[in-house]
There are 4 protein chains.
Amino acid sequence: MDEYIERLKDGSLKLYALEKELPPEEAVRVRRAFIEGETGTPLPAIGSFTIGIDRVVKRNIENMIGAVQVPVGVAGPLMVHGEYASGPYYIPLATTGIMRDGMTRAPVFATRDIIHAKETADWVETHTAEIREAAESTTKHGEFLKARTYIAGTSVFVRLEFDTKDAMGMNMVTIASQKVGELIERETGARLVSLSGNMCTDKKPAAINLVQGRGKTVVAGVRLSEALIADLLKTDAETLLEVNYRKNLVGSARAASFGFNAQAANVVAGIFIACGQDAAHVVEGSTAITTVDRVEGGVYVSVSIPSLPVGTVGGGTGVETQHECLAMLGVAGGGDPPGANAKAFGEIVAAAVLAGELSLLGALAAQHLARAHQNLGRG
Amino acid sequence: MDEYIERLKDGSLKLYALEKELPPEEAVRVRRAFIEGETGTPLPAIGSFTIGIDRVVKRNIENMIGAVQVPVGVAGPLMVHGEYASGPYYIPLATTGIMRDGMTRAPVFATRDIIHAKETADWVETHTAEIREAAESTTKHGEFLKARTYIAGTSVFVRLEFDTKDAMGMNMVTIASQKVGELIERETGARLVSLSGNMCTDKKPAAINLVQGRGKTVVAGVRLSEALIADLLKTDAETLLEVNYRKNLVGSARAASFGFNAQAANVVAGIFIACGQDAAHVVEGSTAITTVDRVEGGVYVSVSIPSLPVGTVGGGTGVETQHECLAMLGVAGGGDPPGANAKAFGEIVAAAVLAGELSLLGALAAQHLARAHQNLGRG
Amino acid sequence: MDEYIERLKDGSLKLYALEKELPPEEAVRVRRAFIEGETGTPLPAIGSFTIGIDRVVKRNIENMIGAVQVPVGVAGPLMVHGEYASGPYYIPLATTGIMRDGMTRAPVFATRDIIHAKETADWVETHTAEIREAAESTTKHGEFLKARTYIAGTSVFVRLEFDTKDAMGMNMVTIASQKVGELIERETGARLVSLSGNMCTDKKPAAINLVQGRGKTVVAGVRLSEALIADLLKTDAETLLEVNYRKNLVGSARAASFGFNAQAANVVAGIFIACGQDAAHVVEGSTAITTVDRVEGGVYVSVSIPSLPVGTVGGGTGVETQHECLAMLGVAGGGDPPGANAKAFGEIVAAAVLAGELSLLGALAAQHLARAHQNLGRG
Amino acid sequence: MDEYIERLKDGSLKLYALEKELPPEEAVRVRRAFIEGETGTPLPAIGSFTIGIDRVVKRNIENMIGAVQVPVGVAGPLMVHGEYASGPYYIPLATTGIMRDGMTRAPVFATRDIIHAKETADWVETHTAEIREAAESTTKHGEFLKARTYIAGTSVFVRLEFDTKDAMGMNMVTIASQKVGELIERETGARLVSLSGNMCTDKKPAAINLVQGRGKTVVAGVRLSEALIADLLKTDAETLLEVNYRKNLVGSARAASFGFNAQAANVVAGIFIACGQDAAHVVEGSTAITTVDRVEGGVYVSVSIPSLPVGTVGGGTGVETQHECLAMLGVAGGGDPPGANAKAFGEIVAAAVLAGELSLLGALAAQHLARAHQNLGRG
């Protein structure tokens with residue numbers, strides 16, 4: 001093992017070229033042994049895994065030393081009635097729909113002055129065909145949708161939007177943006193400063209995503225009768241309405257929040273990890289709005305998720321355990337037509353978020369009701 | 001297996017009481033077989049795991065059917081000079097510090113009118129001792145820090161803050177809040193509508209957390225000389241400054257974002273999953289601010305993470321693979337003094353986020369520089 | 001006077017029908033006398049005004065009792081080089097440009113469920129011609145630009161955008177929205193709940209306006225050499241850059257602000273009151289972004305105002321004193337072509353905001369520099 | 001007149017030293033004549049004013065040329081039951097209360113690195129007595145309340161809060177902050193970069209003000225019976241609830257707004273201009289939250305204004321017409337005890353904003369109801 005290791009001047013050690021000289025299993029083993037030595041920590045559990053190394057090493061991780069195991073449970077079934085997902089996954093009559101669909105990347109350009117900034121933006125707005133051609137030359141599956149420009153002084157942001165079919169699509173979109181960025185640079189003389197100008201906006205809470213959507217924009221809703229609320233949630237319509245009003249609407253407003261929900265991030269995080277999605281995209285999922293409307297005989301509860309980046313091919317979706325999770329939902333791999341699987345998966349996530357909202361709002365409302373009764377009893 | 005299953009009127013199936021009648025390993029096996037049958041999906045990879053079932057079933061997951069394996073790699077070492085974490089984890093001279101530390105929960109109360117709202121808030125502000133006593137009666141480790149009140153019409157939010165030592169602390173704080181909530185209800189006549197009033201704010205992007213902090217408030221910084229920038233990042237100070245200025249500051253401002261960083265969420269998500277943290281808390285981590293100051297002879301780069309909920313005991317930190325990851329960092333379990341491990345872990349996360357920012361900003365700047373040179377060559 | 005007054009049961013007084021029975025001057029006088037009596041406050045200054053009552057009573061104010069006088073000063077001249085405004089108003093070579101132009105109103109509709117919500121949004125997106133026809137039937141000058149839909153559960157928001165030429169246009173747009181709202185209600189069965197659904201967004205700070213613009217989207221910029229910075233602002237480029245970086249960018253980010261400027265609202269408020277604009281629109285103007293770029297030999301300073309609702313006809317622009325202010329700027333009344341005056345006025349406001357930013361940033365930087373020198377001297 | 005004018009090299013003109021050599025009335029006249037010549041615009045209306053020049057020239061405006069007249073009407077009376085304001089100003093039983101009161105200024109300091117940043121913040125947190133002494137040495141009336149620190153990388157923001165009694169207090173606070181800033185600079189070695197670091201936050205929409213308050217934090221509320229809603233607003237409780245829910249709560253959430261109200265800015269702007277407040281502070285007033293609770297037999301409506309900077313002495317409050325407006329409300333000049341007038345004025349503004357919300361929500365609801373009836377009739 002020593003031949004792969006060099007002790008540096010500052011006393012630290014460096015590992016060399018394991019992948020090139022060793023079979024991957026061996027490289028993982030050597031690297032883990034090295035870390036065990038350096039940190040004085042035996043790592044038997046991390047070292048005990050069954051997922052295939054080859055694929056993971058090539059696509060998903062650098063310097064692999066093993067795997068963490070995250071326990072997976074099941075909930076449901078939700079009964080989902082979506083455009084793309086339909087069938088027994090359990091909440092009575094939960095309907096969902098994909099409202100918009102488009103993955104974005106927004107390179108930023110530096111210009112000489114605001115006149116140049118406006119010229120650059122104008123060029124983009126009037127050369128859609130060239131931009132589309134450049135963008136689509138880099139991808140077999142992706143489809144260019146639109147380019148929107150934003151100016152802040154001498155910085156010009158070009159938000160490029162694509163239909164990335166069943167892929168979540170960040171990679172596809174970034175590669176296409178590189179090509180488009182070079183085109184704009186060449187034609188306008190603006191300098192491409194960064195392929196991502198943070199108006200994308202990826203993995204940061206940003207109002208632009210709430211307002212315009214990014215990835216799937218999904219909504220799910222369900223009607224609950226008074227009887228069902230009593231039976232299922234052990235509370236009543238009035239209490240459910242009040243909890244949502246004071247907590248999810250007024251409370252979030254008072255906290256200057258971009259998320260008006262009870263626990264969307266919990267559900268999104270759970271599903272994303274299980275299904276090989278990018279866990280950092282939980283950020284986007286957390287901006288859901290939960291509403292409870294009073295309707296004749298009960299309530300209508302909904303969640304609207306303006307920005308949900310999901311995919312069923314690429315990224316971590318191919319790791320064996322994660323692939324099985326997608327397969328359980330019937331959405332593993334590419335859809336027919338292309339994009340149908342990712343859309344169906346988006347709908348399932350929305351329905352699950354709705355179930356999570358009902359569950360937590362219901363529990364809080366039931367507690368409130370219980371205390372109220374107790375107090376009456378006492379009084 | 002049939003004895004545990006009932007076919008419901010709507011055609012769906014229900015599983016019964018597995019945990020009570022079967023040993024846990026068997027329950028997981030039966031449940032997985034049931035799901036395999038229901039979904040027509042064999043789940044051999046999910047079924048192949050080594051983490052101990054007993055603990056997981058009791059504490060971390062409902063209806064367990066197995067585990068997903070998430071490949072773990074290593075980066076570093078970062079050289080961290082923190083108050084609590086110190087040693088070779090590699091970035092030259094990265095220093096970090098915990099600026100604040102306190103986990104919050106904010107129950108919401110309904111009052112009769114705004115007079116009653118003000119009376120309720122006033123009662124809270126003047127009865128700290130009683131509130132502390134109620135809060136601390138529910139926990140061995142936690143320490144009550146303060147109660148702040150916010151009014152929106154007839155809703156009164158009481159944001160309770162605790163030092164939760166080495167635990168991330170949401171459970172501890174929620175239980176204490178229940179007790180405090182009942183006290184306030186009894187003394188003021190305000191109705192406790194929900195234990196969480198969304199001013200906590202948990203797992204939603206919210207300005208209140210950016211401004212006041214929640215969990216650890218951590219900052220990490222490093223000075224880079226021109227030579228180091230050229231050597232390590234293949235770019236120069238001027239370009240690094242411009243990328244941060246146009247992307248992380250102006251771009252995020254123009255997108256109305258709460259996150260002024262390049263990829264903090266990626267690093268936080270990776271570490272959180274590996275180390276058994278609550279993955280939904282990536283939301284909070286994503287609100288970091290990255291700055292690049294010009295200084296004599298180079299730049300000073302920093303990240304400030306106002307709200308980082310982390311713990312080294314409780315939650316998923318005890319699952320074997322996750323525990324090993326914490327052990328690798330020397331922060332597994334309770335610290336000495338209590339809280340020191342969680343603080344050290346917070347500093348390590350901040351230093352890693354800083355490394356991630358440098359890495360991505362550097363790559364973007366190097367690309368920009370490369371294109372600039374290319375264009376000069378062409379011209 | 002008594003004949004116009006009734007004492008109510010609760011002891012308060014009510015005035016009747018003054019406008020119908022009295023000439024306006026007399027009505028104002030009676031009403032003022034009544035208020036003087038009721039409040040025990042003589043109002044000689046408010047009673048001493050010269051603006052024409054007839055017009056004001058009909059269009060600008062209810063229950064007029066006189067006028068407040070707001071002192072007007074002049075600043076400048078700025079030298080503005082805009083697309084629409086050009087000439088000596090004094091900042092060396094300040095250039096400006098209108099990036100977008102469109103006034104919005106967003107009625108909100110209630111639907112039965114999320115399926116109905118999607119159908120309603122789909123109907124809007126596919127019936128642009130009918131919507132345009134309904135909208136333009138209500139206005140001689142306004143031009144329908146586009147309709148964008150947003151869904152939050154069962155609420156559908158339709159953001160209608162118009163070119164309102166030289167008018168600020170809120171009235172025009174509201175009337176047109178009423179007609180469009182009725183059309184949508186009739187065709188889709190959705191209920192028009194409110195003509196304004198707060199996604200307009202009028203007079204509230206809202207990210208949707210920052211991102212998409214509302215009213216004029218204007219940018220102004222100027223290049224300052226080191227010599228000019230020293231001469232004019234008594235500071236240097238480095239200090240100016242640092243003040244803008246730490247205050248306008250990092251400080252605003254840390255405060256979770258939607259405004260990244262030093263004092264845009266001061267300038268906007270001053271001009272708006274002088275020129276008869278709606279003073280509540282200062283809110284929108286306050287969301288400007290100020291940037292300072294380092295350029296060869298100095299700096300390039302800009303302000304970008306994403307949402308500036310201005311007009312040169314309608315509203316308070318016709319009151320004599322306000323009209324004179326617009327006339328001083330050469331933009332009173334309707335432009336040729338229609339819309340040119342309002343655009344020119346928008347550019348002048350942007351140039352003035354830029355001047356205000358330079359002035360305050362310069363002063364802060366000069367103070368900093370002075371202290372720095374002082375400290376060196378002391379040291 | 002020519003002796004005061006110089007033609008510059010670029011062709012423009014400059015006026016000299018009018019105030020020093022001429023009586024103020026004459027200076028205003030000469031300056032106006034000059035502007036009339038330069039712009040070719042006669043300014044008879046602006047030139048026709050009655051407010052006293054001496055005071056205005058010294059305190060309120062530079063380069064005065066006259067005054068604009070803004071028509072003033074009256075509304076009301078509201079019946080306000082506040083802590084400080086009480087009496088007939090008309091809405092049945094509107095109660096108000098000042099929840100917090102403190103004006104802020106937040107200088108920003110540059111430090112060497114994050115260690116120095118933390119040391120600086122720690123120094124501030126542990127030297128309250130010295131800071132208070134420095135702050136209060138600059139003011140007869142103001143009272144230091146607290147200093148809070150925020151770190152973003154190497155920038156340290158110190159948010160200083162004062163009780164400014166009957167003054168709005170920005171000037172007082174700025175002067176005190178200068179003194180405190182110099183103290184901190186001397187003691188910690190941090191550089192005071194700008195007296196305002198934008199975490200104040202003045203005249204920009206910023207979450208820090210929503211959450212922590214700035215100026216007065218005021219709430220106003222009123223209970224309306226079904227009969228009163230029908231009589232006064234021509235609608236019913238259910239419709240009022242729905243308009244507020246879909247417009248002010250869901251609509252503002254979907255627009256990523258910091259204002260959850262219908263038209264608070266209109267009322268604030270109107271009163272602020274009439275009463276000599278700083279019109280740029282309309283920005284802060286626009287962030288109100290309006291709530292409608294269902295209660296037994298009707299609704300409870302409230303507005304909460306977290307940040308309302310008002311004063312009854314200083315600024316424009318002394319101009320004759322504006323002073324009369326304050327006098328009409330019984331709050332002109334300093335209160336007894338000091339601060340009581342500004343607090344009473346804050347309560348009156350809140351009650352007026354509440355009246356404005358009721359008026360507009362009522363109108364929207366009545367329209368909706370009318371359409372609903374019409375449709376039923378048709379159907």
# chains A, B, ... in the order shown; residues from 1 in each chain; ligands from 1

call {"tool": "interface_residues", "arguments": {"of": "chain A", "to": "chain C", "cutoff": "10 Å", "atoms": "only C-alpha atoms", "output": "PDB file with C-alpha atoms, in the first residue's frame"}}
result
ATOM      1  CA  GLY A  82     -52.457  12.435 -11.921  1.00  0.00           C
ATOM      2  CA  GLU A  83     -51.962  13.109 -15.542  1.00  0.00           C
ATOM      3  CA  ALA A  94     -55.687  12.872  -4.318  1.00  0.00           C
ATOM      4  CA  THR A  95     -55.324  14.487  -7.722  1.00  0.00           C
ATOM      5  CA  THR A  96     -52.111  16.003  -9.028  1.00  0.00           C
ATOM      6  CA  GLY A  97     -50.950  17.829 -12.080  1.00  0.00           C
ATOM      7  CA  ILE A  98     -47.756  19.119 -13.643  1.00  0.00           C
ATOM      8  CA  MET A  99     -48.336  22.828 -14.225  1.00  0.00           C
ATOM      9  CA  ARG A 100     -45.007  23.668 -15.866  1.00  0.00           C
ATOM     10  CA  ALA A 110     -19.986  41.232 -18.111  1.00  0.00           C
ATOM     11  CA  ARG A 112     -18.752  47.492 -20.863  1.00  0.00           C
ATOM     12  CA  ASP A 113     -21.639  49.702 -19.779  1.00  0.00           C
ATOM     13  CA  ILE A 114     -25.410  49.704 -19.633  1.00  0.00           C
ATOM     14  CA  ILE A 115     -25.728  50.444 -23.346  1.00  0.00           C
ATOM     15  CA  ALA A 117     -25.780  45.452 -21.540  1.00  0.00           C
ATOM     16  CA  LYS A 118     -28.965  46.379 -23.335  1.00  0.00           C
ATOM     17  CA  ALA A 121     -29.907  41.409 -23.987  1.00  0.00           C
ATOM     18  CA  ASP A 122     -31.505  42.627 -27.208  1.00  0.00           C
ATOM     19  CA  ARG A 148     -35.028  35.224 -20.760  1.00  0.00           C
ATOM     20  CA  THR A 149     -32.680  38.135 -20.060  1.00  0.00           C
ATOM     21  CA  TYR A 150     -32.173  40.147 -16.866  1.00  0.00           C
ATOM     22  CA  ILE A 151     -29.893  43.143 -16.407  1.00  0.00           C
ATOM     23  CA  ALA A 152     -28.272  44.411 -13.221  1.00  0.00           C
ATOM     24  CA  GLY A 153     -25.971  47.255 -14.181  1.00  0.00           C
ATOM     25  CA  THR A 154     -23.289  45.828 -16.457  1.00  0.00           C
ATOM     26  CA  SER A 155     -24.172  42.210 -15.684  1.00  0.00           C
ATOM     27  CA  MET A 199     -30.294  33.402 -11.454  1.00  0.00           C
ATOM     28  CA  ALA A 206     -34.777  32.144  -4.591  1.00  0.00           C
ATOM     29  CA  ALA A 207     -37.990  33.920  -5.443  1.00  0.00           C
ATOM     30  CA  ILE A 208     -37.322  33.595  -9.166  1.00  0.00           C
ATOM     31  CA  LEU A 210     -41.096  30.306  -6.786  1.00  0.00           C
ATOM     32  CA  VAL A 211     -42.544  32.706  -9.300  1.00  0.00           C
ATOM     33  CA  GLN A 212     -41.440  31.189 -12.609  1.00  0.00           C
ATOM     34  CA  GLY A 213     -40.932  27.555 -11.665  1.00  0.00           C
ATOM     35  CA  THR A 217     -44.190  22.832 -11.079  1.00  0.00           C
ATOM     36  CA  VAL A 218     -46.610  20.407  -9.437  1.00  0.00           C
ATOM     37  CA  VAL A 219     -49.859  20.757  -7.535  1.00  0.00           C
ATOM     38  CA  ALA A 220     -51.725  18.096  -5.573  1.00  0.00           C
ATOM     39  CA  GLY A 221     -55.108  18.373  -3.899  1.00  0.00           C
ATOM     40  CA  VAL A 222     -57.703  16.358  -2.030  1.00  0.00           C
ATOM     41  CA  ARG A 223     -61.200  16.911  -0.721  1.00  0.00           C
ATOM     42  CA  ALA A 256     -40.445  36.413   6.056  1.00  0.00           C
ATOM     43  CA  ALA A 288     -44.260  24.604  -1.194  1.00  0.00           C
ATOM     44  CA  ILE A 289     -47.505  26.434  -0.370  1.00  0.00           C
ATOM     45  CA  THR A 290     -50.138  24.462   1.533  1.00  0.00           C
ATOM     46  CA  THR A 291     -53.731  25.681   1.422  1.00  0.00           C
ATOM     47  CA  VAL A 292     -56.869  24.555   3.213  1.00  0.00           C
ATOM     48  CA  ASP A 293     -60.109  25.872   1.670  1.00  0.00           C
ATOM     49  CA  VAL A 295     -65.866  23.805   1.057  1.00  0.00           C
ATOM     50  CA  TYR A 300     -60.122  21.029   0.177  1.00  0.00           C
ATOM     51  CA  VAL A 301     -56.424  20.722   0.965  1.00  0.00           C
ATOM     52  CA  SER A 302     -53.646  21.311  -1.568  1.00  0.00           C
ATOM     53  CA  VAL A 303     -49.912  21.688  -1.930  1.00  0.00           C
ATOM     54  CA  SER A 304     -48.301  23.657  -4.737  1.00  0.00           C
ATOM     55  CA  ILE A 305     -44.611  22.982  -5.343  1.00  0.00           C
ATOM     56  CA  PRO A 306     -43.329  25.611  -7.761  1.00  0.00           C
TER      57      PRO A 306
END

call {"tool": "residues_around", "arguments": {"residues": "Cys325 (chain D)", "least_positions_apart": "2", "cutoff": "10 Å", "atoms": "only C-alpha atoms", "output": "list in words"}}
result
Thr41, Leu43, Ala45, Ile46 and Val68 of chain C; Val72, Val74, Ile271, Ile273, Ala274, Cys275, Gly276, Thr317, Glu320, Thr321, Gln322, His323, Ala327, Met328, Leu329, Gly330, Val331 and Ala332 of chain D

call {"tool": "residues_around", "arguments": {"residues": "Gly356 (chain D)", "least_positions_apart": "6", "cutoff": "9 Å", "atoms": "only C-alpha atoms", "output": "number ranges by chain"}}
result
D: 262-264, 266-267

call {"tool": "write_last_selection", "arguments": {"atoms": "all heavy atoms", "output": "PDB file, in the first residue's frame"}}
result
ATOM      1  N   ALA D 262     -53.642  44.817   1.660  1.00  0.00           N
ATOM      2  CA  ALA D 262     -54.286  45.261   0.421  1.00  0.00           C
ATOM      3  C   ALA D 262     -53.758  46.616  -0.046  1.00  0.00           C
ATOM      4  O   ALA D 262     -53.456  46.800  -1.207  1.00  0.00           O
ATOM      5  CB  ALA D 262     -55.800  45.320   0.613  1.00  0.00           C
ATOM      6  N   GLN D 263     -53.641  47.573   0.848  1.00  0.00           N
ATOM      7  CA  GLN D 263     -53.232  48.902   0.400  1.00  0.00           C
ATOM      8  C   GLN D 263     -52.643  49.747   1.531  1.00  0.00           C
ATOM      9  O   GLN D 263     -52.823  50.974   1.542  1.00  0.00           O
ATOM     10  CB  GLN D 263     -54.412  49.645  -0.260  1.00  0.00           C
ATOM     11  CG  GLN D 263     -55.594  49.858   0.660  1.00  0.00           C
ATOM     12  CD  GLN D 263     -56.462  51.027   0.190  1.00  0.00           C
ATOM     13  OE1 GLN D 263     -56.092  51.797  -0.679  1.00  0.00           O
ATOM     14  NE2 GLN D 263     -57.623  51.163   0.797  1.00  0.00           N
ATOM     15  N   ALA D 264     -51.926  49.121   2.419  1.00  0.00           N
ATOM     16  CA  ALA D 264     -51.351  49.864   3.541  1.00  0.00           C
ATOM     17  C   ALA D 264     -50.532  51.064   3.057  1.00  0.00           C
ATOM     18  O   ALA D 264     -50.592  52.152   3.640  1.00  0.00           O
ATOM     19  CB  ALA D 264     -50.481  48.945   4.393  1.00  0.00           C
ATOM     20  N   ASN D 266     -50.889  53.020   0.571  1.00  0.00           N
ATOM     21  CA  ASN D 266     -51.691  54.189   0.193  1.00  0.00           C
ATOM     22  C   ASN D 266     -52.000  55.055   1.401  1.00  0.00           C
ATOM     23  O   ASN D 266     -51.854  56.274   1.361  1.00  0.00           O
ATOM     24  CB  ASN D 266     -53.024  53.739  -0.427  1.00  0.00           C
ATOM     25  CG  ASN D 266     -52.869  53.364  -1.884  1.00  0.00           C
ATOM     26  OD1 ASN D 266     -51.948  53.823  -2.560  1.00  0.00           O
ATOM     27  ND2 ASN D 266     -53.760  52.517  -2.369  1.00  0.00           N
ATOM     28  N   VAL D 267     -52.428  54.413   2.453  1.00  0.00           N
ATOM     29  CA  VAL D 267     -52.814  55.165   3.652  1.00  0.00           C
ATOM     30  C   VAL D 267     -51.580  55.786   4.306  1.00  0.00           C
ATOM     31  O   VAL D 267     -51.587  56.962   4.685  1.00  0.00           O
ATOM     32  CB  VAL D 267     -53.548  54.240   4.643  1.00  0.00           C
ATOM     33  CG1 VAL D 267     -53.877  54.979   5.927  1.00  0.00           C
ATOM     34  CG2 VAL D 267     -54.809  53.675   3.998  1.00  0.00           C
TER      35      VAL D 267
END

call {"tool": "closest_residue", "arguments": {"among": "C:Cys200, C:Val353, C:Val180, C:Ala253", "to": "Thr287 (chain B)", "atoms": "only C-alpha atoms"}}
result
C:Ala253

call {"tool": "select_by_dssp", "arguments": {"residues": "region 132-234 of chain C", "states": "strand (DSSP E)", "output": "MDAnalysis selection string"}}
result
chainID C and resid 143:152 155:163 191:194 214:225

call {"tool": "select_by_dssp", "arguments": {"residues": "region 148-221 of chain D", "states": "alpha helix (DSSP H)", "output": "list in words"}}
result
Met170, Asn171, Met172, Val173, Thr174, Ile175, Ala176, Ser177, Gln178, Lys179, Val180, Gly181, Glu182, Leu183, Ile184, Glu185, Arg186, Glu187, Thr188, Ala207, Ile208, Asn209, Leu210, Val211 and Gln212 of chain D

call {"tool": "write_last_selection", "arguments": {"atoms": "N, CA and C atoms", "output": "compact mmCIF listing (two decimals), in the first residue's frame"}}
result
# COMPACT_ATOMS: atom_id res chain seq x y z
N MET D 170 -34.00 59.32 12.99
CA MET D 170 -32.87 58.89 12.15
C MET D 170 -31.63 59.78 12.35
N ASN D 171 -31.83 61.08 12.42
CA ASN D 171 -30.68 61.96 12.60
C ASN D 171 -29.99 61.72 13.93
N MET D 172 -30.80 61.70 14.97
CA MET D 172 -30.29 61.47 16.31
C MET D 172 -29.48 60.17 16.37
N VAL D 173 -30.03 59.16 15.78
CA VAL D 173 -29.41 57.84 15.82
C VAL D 173 -28.13 57.80 14.99
N THR D 174 -28.14 58.52 13.89
CA THR D 174 -26.95 58.53 13.02
C THR D 174 -25.79 59.22 13.73
N ILE D 175 -26.10 60.31 14.39
CA ILE D 175 -25.05 61.04 15.11
C ILE D 175 -24.49 60.19 16.26
N ALA D 176 -25.39 59.54 16.98
CA ALA D 176 -24.93 58.66 18.06
C ALA D 176 -24.10 57.49 17.51
N SER D 177 -24.51 56.99 16.35
CA SER D 177 -23.80 55.84 15.77
C SER D 177 -22.39 56.22 15.36
N GLN D 178 -22.24 57.45 14.92
CA GLN D 178 -20.90 57.94 14.55
C GLN D 178 -19.97 57.83 15.76
N LYS D 179 -20.47 58.28 16.89
CA LYS D 179 -19.67 58.26 18.13
C LYS D 179 -19.37 56.81 18.54
N VAL D 180 -20.39 55.97 18.50
CA VAL D 180 -20.19 54.57 18.86
C VAL D 180 -19.24 53.90 17.88
N GLY D 181 -19.40 54.23 16.61
CA GLY D 181 -18.54 53.65 15.59
C GLY D 181 -17.08 53.96 15.84
N GLU D 182 -16.83 55.21 16.22
CA GLU D 182 -15.44 55.60 16.49
C GLU D 182 -14.89 54.87 17.71
N LEU D 183 -15.74 54.69 18.71
CA LEU D 183 -15.34 53.94 19.90
C LEU D 183 -14.95 52.50 19.53
N ILE D 184 -15.81 51.86 18.77
CA ILE D 184 -15.54 50.46 18.39
C ILE D 184 -14.27 50.37 17.55
N GLU D 185 -14.13 51.32 16.64
CA GLU D 185 -12.94 51.35 15.78
C GLU D 185 -11.67 51.45 16.65
N ARG D 186 -11.74 52.32 17.63
CA ARG D 186 -10.57 52.56 18.48
C ARG D 186 -10.25 51.33 19.32
N GLU D 187 -11.28 50.71 19.85
CA GLU D 187 -11.07 49.63 20.81
C GLU D 187 -10.75 48.28 20.16
N THR D 188 -11.27 48.09 18.94
CA THR D 188 -11.13 46.76 18.34
C THR D 188 -10.19 46.73 17.15
N ALA D 207 -36.24 41.95 5.50
CA ALA D 207 -36.86 41.05 6.46
C ALA D 207 -36.44 41.37 7.89
N ILE D 208 -35.25 41.88 8.08
CA ILE D 208 -34.80 42.17 9.45
C ILE D 208 -35.78 43.12 10.14
N ASN D 209 -36.34 44.07 9.40
CA ASN D 209 -37.30 45.00 10.00
C ASN D 209 -38.64 44.33 10.29
N LEU D 210 -39.06 43.44 9.40
CA LEU D 210 -40.32 42.73 9.61
C LEU D 210 -40.24 41.91 10.89
N VAL D 211 -39.09 41.25 11.06
CA VAL D 211 -38.96 40.29 12.15
C VAL D 211 -38.70 41.02 13.47
N GLN D 212 -37.79 41.98 13.45
CA GLN D 212 -37.38 42.60 14.72
C GLN D 212 -38.04 43.94 14.99

call {"tool": "atom_distance", "arguments": {"atom1": "CA of Gly297 (chain C)", "atom2": "CA of Thr235 (chain C)"}}
result
14.3 Å

call {"tool": "closest_residue", "arguments": {"among": "C:Asp202, C:Glu136, C:Glu238, C:Asp231", "to": "Ala280 (chain C)", "atoms": "only C-alpha atoms"}}
result
C:Asp202

call {"tool": "residues_around", "arguments": {"residues": "Tyr84 (chain D)", "least_positions_apart": "5", "cutoff": "7 Å", "atoms": "only C-alpha atoms", "output": "number ranges by chain"}}
result
D: 340, 343-344
